[in-house]
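So the structure is just underneath, and the comments pick up after that.
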Amino acid sequence: MTLNSNTWQAGNYVVEYDDSRTGEHIRREYGVSDNAYEDYQYYLKQWYTRNVKYGEE
């Protein structure tokens, strides 16, 4: 994993949530932590998402 002054990290990051519109469990994988964290923040604010999780594998 790489860390520089912009806090960019390469690795395997995951955002998971339940979509209440469809009843599906959604799992999105990312190679960059910044992209995953931005999406995590986005899904936290959506009315249709439940059980939003962010993590590293």
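Residue numbering restarts at 1 in every chain; chains get A, B, ... in the order shown in the structure tokens, and ligands count up from 1 in that same order.
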When DSSP is applied to the backbone of this structure, which of chain A are assigned alpha helix (DSSP H)? Write them out as a short mmCIF file (atom, residue, chain, number, x, y, z; two decimals) with N, CA, C and O atoms, in the first residue's frame.
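Below is the file result28.cif, written as the result:
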data_model
loop_
_atom_site.label_atom_id
_atom_site.label_comp_id
_atom_site.auth_asym_id
_atom_site.auth_seq_id
_atom_site.Cartn_x
_atom_site.Cartn_y
_atom_site.Cartn_z
N SER A 33 -8.53 4.40 -2.28
CA SER A 33 -9.33 4.69 -1.10
C SER A 33 -10.15 5.97 -1.24
O SER A 33 -11.26 6.05 -0.72
N ASP A 34 -9.61 7.00 -1.91
CA ASP A 34 -10.34 8.26 -2.05
C ASP A 34 -11.66 8.06 -2.79
O ASP A 34 -12.69 8.60 -2.39
N ASN A 35 -11.65 7.28 -3.87
CA ASN A 35 -12.87 7.02 -4.62
C ASN A 35 -13.88 6.25 -3.79
O ASN A 35 -15.08 6.55 -3.80
N ALA A 36 -13.42 5.26 -3.08
CA ALA A 36 -14.31 4.46 -2.23
C ALA A 36 -14.92 5.31 -1.13
O ALA A 36 -16.12 5.22 -0.85
N TYR A 37 -14.13 6.14 -0.49
CA TYR A 37 -14.63 6.96 0.61
C TYR A 37 -15.64 7.99 0.12
O TYR A 37 -16.64 8.25 0.78
N GLU A 38 -15.39 8.57 -1.07
CA GLU A 38 -16.36 9.52 -1.64
C GLU A 38 -17.69 8.84 -1.90
O GLU A 38 -18.75 9.40 -1.60
N ASP A 39 -17.65 7.65 -2.47
CA ASP A 39 -18.89 6.91 -2.72
C ASP A 39 -19.56 6.52 -1.41
O ASP A 39 -20.79 6.57 -1.30
N TYR A 40 -18.79 6.14 -0.42
CA TYR A 40 -19.34 5.81 0.90
C TYR A 40 -20.11 6.99 1.46
O TYR A 40 -21.25 6.85 1.93
N GLN A 41 -19.52 8.18 1.40
CA GLN A 41 -20.19 9.38 1.89
C GLN A 41 -21.46 9.66 1.10
O GLN A 41 -22.48 10.06 1.66
N TYR A 42 -21.42 9.44 -0.20
CA TYR A 42 -22.60 9.64 -1.05
C TYR A 42 -23.73 8.69 -0.66
O TYR A 42 -24.87 9.12 -0.45
N TYR A 43 -23.42 7.40 -0.53
CA TYR A 43 -24.46 6.41 -0.21
C TYR A 43 -25.02 6.57 1.19
O TYR A 43 -26.17 6.23 1.44
N LEU A 44 -24.23 7.10 2.12
CA LEU A 44 -24.75 7.37 3.46
C LEU A 44 -25.92 8.35 3.44
O LEU A 44 -26.81 8.29 4.28
#
Taking 2 positions as the minimum chain separation for residues in the same chain, which residues sit within 8 Å of Tyr13 (chain A) when counting only C-alpha atoms? Answer as an NGL selection string. :A and (11 or 15 or 29-33 or 36 or 54-57)
Output C-alpha atoms of each residue in that selection to a file, as a PDB file, in the first residue's frame.
ATOM      1  CA  GLY A  11      -5.383  -1.327  -2.285  1.00  0.00           C
ATOM      2  CA  VAL A  15     -18.365  -0.133  -0.139  1.00  0.00           C
ATOM      3  CA  GLU A  29     -14.820  -2.722  -5.096  1.00  0.00           C
ATOM      4  CA  TYR A  30     -12.259   0.046  -5.588  1.00  0.00           C
ATOM      5  CA  GLY A  31      -8.502   0.257  -6.089  1.00  0.00           C
ATOM      6  CA  VAL A  32      -8.194   3.750  -4.592  1.00  0.00           C
ATOM      7  CA  SER A  33      -9.327   4.693  -1.098  1.00  0.00           C
ATOM      8  CA  ALA A  36     -14.311   4.458  -2.235  1.00  0.00           C
ATOM      9  CA  TYR A  54     -16.791   1.001   4.089  1.00  0.00           C
ATOM     10  CA  GLY A  55     -13.690  -1.107   4.550  1.00  0.00           C
ATOM     11  CA  GLU A  56     -10.391  -2.420   3.294  1.00  0.00           C
ATOM     12  CA  GLU A  57      -9.715  -5.997   2.321  1.00  0.00           C
TER      13      GLU A  57
END
CA of Ser20 (chain A) to CA of Lys45 (chain A) measures 13.5 Å
In Å to one decimal, how far is CA of Asp19 (chain A) from CA of Thr49 (chain A)? 5.0 Å
Strand (DSSP E) positions in chain A, given as a PDB file with N, CA, C and O atoms, in the first residue's frame:
ATOM      1  N   ALA A  10      -3.447   2.991  -2.432  1.00  0.00           N
ATOM      2  CA  ALA A  10      -3.840   1.951  -3.378  1.00  0.00           C
ATOM      3  C   ALA A  10      -4.074   0.665  -2.601  1.00  0.00           C
ATOM      4  O   ALA A  10      -3.336   0.370  -1.671  1.00  0.00           O
ATOM      5  N   GLY A  11      -5.077  -0.079  -2.978  1.00  0.00           N
ATOM      6  CA  GLY A  11      -5.383  -1.327  -2.285  1.00  0.00           C
ATOM      7  C   GLY A  11      -6.745  -1.815  -2.726  1.00  0.00           C
ATOM      8  O   GLY A  11      -7.233  -1.433  -3.777  1.00  0.00           O
ATOM      9  N   ASN A  12      -7.348  -2.649  -1.937  1.00  0.00           N
ATOM     10  CA  ASN A  12      -8.681  -3.156  -2.228  1.00  0.00           C
ATOM     11  C   ASN A  12      -9.653  -2.592  -1.201  1.00  0.00           C
ATOM     12  O   ASN A  12      -9.635  -2.994  -0.044  1.00  0.00           O
ATOM     13  N   TYR A  13     -10.488  -1.672  -1.642  1.00  0.00           N
ATOM     14  CA  TYR A  13     -11.464  -1.029  -0.772  1.00  0.00           C
ATOM     15  C   TYR A  13     -12.861  -1.421  -1.224  1.00  0.00           C
ATOM     16  O   TYR A  13     -13.113  -1.605  -2.411  1.00  0.00           O
ATOM     17  N   VAL A  14     -13.751  -1.531  -0.265  1.00  0.00           N
ATOM     18  CA  VAL A  14     -15.099  -2.014  -0.547  1.00  0.00           C
ATOM     19  C   VAL A  14     -16.133  -1.101   0.091  1.00  0.00           C
ATOM     20  O   VAL A  14     -15.964  -0.660   1.226  1.00  0.00           O
ATOM     21  N   VAL A  15     -17.195  -0.818  -0.666  1.00  0.00           N
ATOM     22  CA  VAL A  15     -18.365  -0.133  -0.139  1.00  0.00           C
ATOM     23  C   VAL A  15     -19.538  -1.088  -0.349  1.00  0.00           C
ATOM     24  O   VAL A  15     -19.742  -1.583  -1.457  1.00  0.00           O
ATOM     25  N   GLU A  16     -20.274  -1.357   0.713  1.00  0.00           N
ATOM     26  CA  GLU A  16     -21.428  -2.250   0.635  1.00  0.00           C
ATOM     27  C   GLU A  16     -22.649  -1.556   1.216  1.00  0.00           C
ATOM     28  O   GLU A  16     -22.529  -0.770   2.159  1.00  0.00           O
ATOM     29  N   TYR A  17     -23.801  -1.853   0.642  1.00  0.00           N
ATOM     30  CA  TYR A  17     -25.053  -1.326   1.180  1.00  0.00           C
ATOM     31  C   TYR A  17     -26.215  -2.165   0.677  1.00  0.00           C
ATOM     32  O   TYR A  17     -26.081  -2.926  -0.282  1.00  0.00           O
ATOM     33  N   ASP A  18     -27.349  -2.031   1.352  1.00  0.00           N
ATOM     34  CA  ASP A  18     -28.590  -2.668   0.927  1.00  0.00           C
ATOM     35  C   ASP A  18     -29.440  -1.618   0.232  1.00  0.00           C
ATOM     36  O   ASP A  18     -29.630  -0.517   0.762  1.00  0.00           O
ATOM     37  N   ASP A  19     -29.938  -1.947  -0.945  1.00  0.00           N
ATOM     38  CA  ASP A  19     -30.790  -1.034  -1.716  1.00  0.00           C
ATOM     39  C   ASP A  19     -32.245  -1.356  -1.394  1.00  0.00           C
ATOM     40  O   ASP A  19     -32.751  -2.412  -1.773  1.00  0.00           O
ATOM     41  N   GLU A  24     -31.778  -5.576  -3.032  1.00  0.00           N
ATOM     42  CA  GLU A  24     -30.474  -6.162  -3.320  1.00  0.00           C
ATOM     43  C   GLU A  24     -29.407  -5.688  -2.343  1.00  0.00           C
ATOM     44  O   GLU A  24     -29.475  -4.581  -1.820  1.00  0.00           O
ATOM     45  N   HIS A  25     -28.417  -6.540  -2.145  1.00  0.00           N
ATOM     46  CA  HIS A  25     -27.214  -6.163  -1.410  1.00  0.00           C
ATOM     47  C   HIS A  25     -26.169  -5.810  -2.464  1.00  0.00           C
ATOM     48  O   HIS A  25     -25.830  -6.629  -3.313  1.00  0.00           O
ATOM     49  N   ILE A  26     -25.665  -4.584  -2.434  1.00  0.00           N
ATOM     50  CA  ILE A  26     -24.726  -4.091  -3.436  1.00  0.00           C
ATOM     51  C   ILE A  26     -23.324  -4.060  -2.827  1.00  0.00           C
ATOM     52  O   ILE A  26     -23.142  -3.595  -1.700  1.00  0.00           O
ATOM     53  N   ARG A  27     -22.356  -4.537  -3.578  1.00  0.00           N
ATOM     54  CA  ARG A  27     -20.953  -4.517  -3.158  1.00  0.00           C
ATOM     55  C   ARG A  27     -20.140  -3.908  -4.294  1.00  0.00           C
ATOM     56  O   ARG A  27     -20.153  -4.408  -5.409  1.00  0.00           O
ATOM     57  N   ARG A  28     -19.413  -2.826  -4.001  1.00  0.00           N
ATOM     58  CA  ARG A  28     -18.576  -2.156  -4.988  1.00  0.00           C
ATOM     59  C   ARG A  28     -17.131  -2.209  -4.520  1.00  0.00           C
ATOM     60  O   ARG A  28     -16.835  -1.880  -3.382  1.00  0.00           O
ATOM     61  N   GLU A  29     -16.238  -2.616  -5.425  1.00  0.00           N
ATOM     62  CA  GLU A  29     -14.820  -2.722  -5.096  1.00  0.00           C
ATOM     63  C   GLU A  29     -14.046  -1.601  -5.788  1.00  0.00           C
ATOM     64  O   GLU A  29     -14.365  -1.239  -6.922  1.00  0.00           O
ATOM     65  N   TYR A  30     -13.045  -1.085  -5.102  1.00  0.00           N
ATOM     66  CA  TYR A  30     -12.259   0.046  -5.588  1.00  0.00           C
ATOM     67  C   TYR A  30     -10.774  -0.241  -5.396  1.00  0.00           C
ATOM     68  O   TYR A  30     -10.391  -0.938  -4.472  1.00  0.00           O
ATOM     69  N   GLY A  31      -9.945   0.366  -6.232  1.00  0.00           N
ATOM     70  CA  GLY A  31      -8.502   0.257  -6.089  1.00  0.00           C
ATOM     71  C   GLY A  31      -7.907   1.451  -5.371  1.00  0.00           C
ATOM     72  O   GLY A  31      -6.756   1.437  -4.963  1.00  0.00           O
ATOM     73  N   VAL A  32      -8.684   2.516  -5.204  1.00  0.00           N
ATOM     74  CA  VAL A  32      -8.194   3.750  -4.592  1.00  0.00           C
ATOM     75  C   VAL A  32      -9.115   4.135  -3.433  1.00  0.00           C
ATOM     76  O   VAL A  32     -10.327   4.195  -3.603  1.00  0.00           O
ATOM     77  N   THR A  49     -30.628   3.735   0.672  1.00  0.00           N
ATOM     78  CA  THR A  49     -29.557   2.839   1.131  1.00  0.00           C
ATOM     79  C   THR A  49     -29.664   2.576   2.615  1.00  0.00           C
ATOM     80  O   THR A  49     -29.997   3.429   3.411  1.00  0.00           O
ATOM     81  N   ARG A  50     -29.365   1.326   2.979  1.00  0.00           N
ATOM     82  CA  ARG A  50     -29.374   0.889   4.367  1.00  0.00           C
ATOM     83  C   ARG A  50     -28.089   0.107   4.621  1.00  0.00           C
ATOM     84  O   ARG A  50     -27.546  -0.520   3.729  1.00  0.00           O
ATOM     85  N   ASN A  51     -27.638   0.108   5.854  1.00  0.00           N
ATOM     86  CA  ASN A  51     -26.463  -0.695   6.256  1.00  0.00           C
ATOM     87  C   ASN A  51     -25.227  -0.404   5.400  1.00  0.00           C
ATOM     88  O   ASN A  51     -24.558  -1.312   4.916  1.00  0.00           O
ATOM     89  N   VAL A  52     -24.922   0.867   5.213  1.00  0.00           N
ATOM     90  CA  VAL A  52     -23.776   1.270   4.394  1.00  0.00           C
ATOM     91  C   VAL A  52     -22.497   0.998   5.162  1.00  0.00           C
ATOM     92  O   VAL A  52     -22.355   1.374   6.312  1.00  0.00           O
ATOM     93  N   LYS A  53     -21.542   0.294   4.507  1.00  0.00           N
ATOM     94  CA  LYS A  53     -20.282  -0.060   5.139  1.00  0.00           C
ATOM     95  C   LYS A  53     -19.122   0.288   4.207  1.00  0.00           C
ATOM     96  O   LYS A  53     -19.237   0.159   2.994  1.00  0.00           O
ATOM     97  N   TYR A  54     -18.012   0.676   4.812  1.00  0.00           N
ATOM     98  CA  TYR A  54     -16.791   1.001   4.089  1.00  0.00           C
ATOM     99  C   TYR A  54     -15.654   0.252   4.740  1.00  0.00           C
ATOM    100  O   TYR A  54     -15.543   0.213   5.964  1.00  0.00           O
ATOM    101  N   GLY A  55     -14.801  -0.375   3.944  1.00  0.00           N
ATOM    102  CA  GLY A  55     -13.690  -1.107   4.550  1.00  0.00           C
ATOM    103  C   GLY A  55     -12.613  -1.451   3.560  1.00  0.00           C
ATOM    104  O   GLY A  55     -12.734  -1.234   2.361  1.00  0.00           O
ATOM    105  N   GLU A  56     -11.540  -1.990   4.086  1.00  0.00           N
ATOM    106  CA  GLU A  56     -10.391  -2.420   3.294  1.00  0.00           C
ATOM    107  C   GLU A  56     -10.252  -3.921   3.410  1.00  0.00           C
ATOM    108  O   GLU A  56     -10.444  -4.494   4.480  1.00  0.00           O
TER     109      GLU A  56
END
